[in-house]
Amino acid sequence: MFEILYCIDENYNDQTLVSINTILKNASSEYRIHIVHENPETFNWHKDVLKSKFGYTNVKLYPFNEQEYNFPKVNGSHVSKATYFRLFISNYLDNSIENLLYLDPDVVCLNEFENSSIEIFKKIKLLNIPIAARTEHIVNNKNRDRYKSINVTKSYFNAGVMFIDFKNWVSNKYIDKFLEVSKEIEENIIYWDQDILNSFFNENYLEIPIHMNQHPYNFKDSVKFYTENTVFLHFSGKNKPWTKKGKGYENSKIYFELYKETYGKKLRKFK
């Protein structure tokens with residue numbers, strides 16, 4: 001069984017449902033959705049849509065209750081404290097789970113993902129590597145001071161799509177280590193829990209192909225290219241398709257179609 005994880009608050013309920021719908025479209029195996037949520041009752045309507053429209057009921061909601069943690073650098077940013085929830089997942093999910101595919105709610109699945117995912121999980125298990133992710137930045141002379149400040153030596157990964165050896169994660173009690181790192185680098189954090197994860201793992205991750213976590217760029221025929229060649233399209237950054245600035249981007253058309261397919265209507269509210 002595939003185990004898929006989202007960590008959200010109510011601001012991303014709609015986007016999470018779109019993301020789950022794209023998983024439904026491209027999956028052939030049995031799988032279970034886990035959602036660590038700040039206010040899980042706000043997702044009940046979306047669960048009802050999954051059941052009534054898509055016939056899917058295997059969704060587990062977990063109310064997040066780690067309120068004593070100091071969620072660094074969230075105030076004044078475009079993210080909420082929900083971005084830190086994944087640091088605590090071993091407190092919520094069944095610890096017998098072997099492998100876990102984590103997805104940000106702004107990730108959509110455009111093509112078959114299971115075969116590639118199975119191979120990635122096999123590799124991290126074989127090589128005893130805790131996670132697989134895509135490198136976003138290489139440390140160089142221009143950015144060296146920034147990454148040195150969070151103890152990253154050579155490469156920095158994007159955590160929006162992560163393949164997790166959850167057995168490894170649990171047995172090594174990573175949650176305690178994440179909290180130690182969080183305190184150590186707190187003053188230098190810019191990209192929230194992603195900085196903490198990179199500081200802790202520091203190159204100890206398996207590289208995944210770019211089509212498994214593709215950030216969209218605008219170029220001629222980009223919509224056709226991504227639709228045909230991408231597995232997970234990740235609308236990262238501030239100007240997402242549901243924002244006033246992001247709605248005009250060419251690749252936002254992909255999201256608009258998926259939104260309409262999910263809800264039966266066009267996306268009309270832009271933040």
# chains A, B, ... in the order shown; residues from 1 in each chain; ligands from 1
call {"tool": "select_by_dssp", "arguments": {"residues": "segment 54-125 of chain A", "states": "strand (DSSP E)", "output": "ChimeraX atom specification"}}
result
/A:59-63,99-103,107-109
call {"tool": "residues_around", "arguments": {"residues": "Cys109 of chain A", "least_positions_apart": "5", "cutoff": "10 Å", "atoms": "only C-alpha atoms", "output": "PyMOL selection string"}}
result
chain A and resi 18-27+103+212-213+227+230-234+258
call {"tool": "closest_residue", "arguments": {"among": "A:Leu61, A:Val107, A:Cys7, A:Met162", "to": "Lys240 of chain A", "atoms": "only C-alpha atoms"}}
result
A:Val107
call {"tool": "residues_around", "arguments": {"residues": "segment 126-133 of chain A", "least_positions_apart": "3", "cutoff": "9 Å", "atoms": "only C-alpha atoms", "output": "VMD selection string"}}
result
chain A and resid 120 to 123 157 to 169 201 204 to 209 212 to 213
call {"tool": "write_last_selection", "arguments": {"atoms": "C-alpha atoms", "output": "PDB file, in the first residue's frame"}}
result
ATOM      1  CA  ILE A 120      13.209   5.183  -5.267  1.00  0.00           C
ATOM      2  CA  PHE A 121      11.997   3.536  -2.065  1.00  0.00           C
ATOM      3  CA  LYS A 122      13.987   0.402  -2.942  1.00  0.00           C
ATOM      4  CA  LYS A 123      17.150   2.451  -3.460  1.00  0.00           C
ATOM      5  CA  PHE A 157      17.244  20.029  -1.451  1.00  0.00           C
ATOM      6  CA  ASN A 158      13.653  21.091  -1.958  1.00  0.00           C
ATOM      7  CA  ALA A 159      11.435  19.346   0.592  1.00  0.00           C
ATOM      8  CA  GLY A 160       8.141  19.689  -1.310  1.00  0.00           C
ATOM      9  CA  VAL A 161       8.392  16.101  -2.552  1.00  0.00           C
ATOM     10  CA  MET A 162      10.149  13.673  -0.216  1.00  0.00           C
ATOM     11  CA  PHE A 163      10.415   9.914  -0.266  1.00  0.00           C
ATOM     12  CA  ILE A 164      10.871   8.899   3.357  1.00  0.00           C
ATOM     13  CA  ASP A 165      12.118   5.658   4.840  1.00  0.00           C
ATOM     14  CA  PHE A 166       9.738   6.074   7.760  1.00  0.00           C
ATOM     15  CA  LYS A 167      11.061   3.064   9.651  1.00  0.00           C
ATOM     16  CA  ASN A 168      14.483   4.717   9.594  1.00  0.00           C
ATOM     17  CA  TRP A 169      12.943   8.085  10.561  1.00  0.00           C
ATOM     18  CA  PHE A 201      20.479  15.589   6.636  1.00  0.00           C
ATOM     19  CA  ASN A 204      22.506  12.430   3.242  1.00  0.00           C
ATOM     20  CA  TYR A 205      19.712  12.060   0.704  1.00  0.00           C
ATOM     21  CA  LEU A 206      19.183  10.275  -2.588  1.00  0.00           C
ATOM     22  CA  GLU A 207      18.788  12.519  -5.624  1.00  0.00           C
ATOM     23  CA  ILE A 208      15.488  12.097  -7.481  1.00  0.00           C
ATOM     24  CA  PRO A 209      14.968  12.995 -11.157  1.00  0.00           C
ATOM     25  CA  MET A 212       9.633  13.914  -9.797  1.00  0.00           C
ATOM     26  CA  ASN A 213       9.656  17.469  -8.398  1.00  0.00           C
TER      27      ASN A 213
END
call {"tool": "residues_around", "arguments": {"residues": "His137 of chain A", "least_positions_apart": "4", "cutoff": "10 Å", "atoms": "only C-alpha atoms", "output": "PDB file with C-alpha atoms, in the first residue's frame"}}
result
ATOM      1  CA  ASN A 143      25.846  31.581  -1.411  1.00  0.00           C
ATOM      2  CA  TYR A 147      24.408  27.791   3.702  1.00  0.00           C
ATOM      3  CA  LYS A 154      27.517  21.163  -0.647  1.00  0.00           C
ATOM      4  CA  SER A 155      23.867  20.874  -1.726  1.00  0.00           C
ATOM      5  CA  TYR A 156      20.405  21.956  -0.581  1.00  0.00           C
ATOM      6  CA  PHE A 157      17.244  20.029  -1.451  1.00  0.00           C
ATOM      7  CA  ASN A 158      13.653  21.091  -1.958  1.00  0.00           C
TER       8      ASN A 158
END
call {"tool": "atom_distance", "arguments": {"atom1": "atom CA of Ala82 of chain A", "atom2": "atom CA of Phe64 of chain A"}}
result
8.9 Å
call {"tool": "residues_around", "arguments": {"residues": "Asn11 of chain A", "least_positions_apart": "6", "cutoff": "12 Å", "atoms": "only C-alpha atoms", "output": "list in words"}}
result
Leu17, His37, Glu38, Asn39, Pro40, Thr42, Phe43, His78, Val79, Ser80, Lys81, Ala82, Thr83, Pro105, Asp106, Trp242 and Lys271 of chain A
call {"tool": "closest_residue", "arguments": {"among": "A:Lys53, A:Lys247, A:Lys224, A:Lys60", "to": "Tyr31 of chain A", "atoms": "only C-alpha atoms"}}
result
A:Lys60
call {"tool": "select_by_dssp", "arguments": {"residues": "segment 30-138 of chain A", "states": "alpha helix (DSSP H)", "output": "list in words"}}
result
Asn44, Trp45, His46, Lys47, Asp48, Val49, Leu50, Lys51, Ser52, Lys53, Phe54, Glu114, Asn115, Ser116, Ser117, Ile118, Glu119, Ile120, Phe121, Lys122, Lys123, Ile124, Lys125, Leu126 and Leu127 of chain A
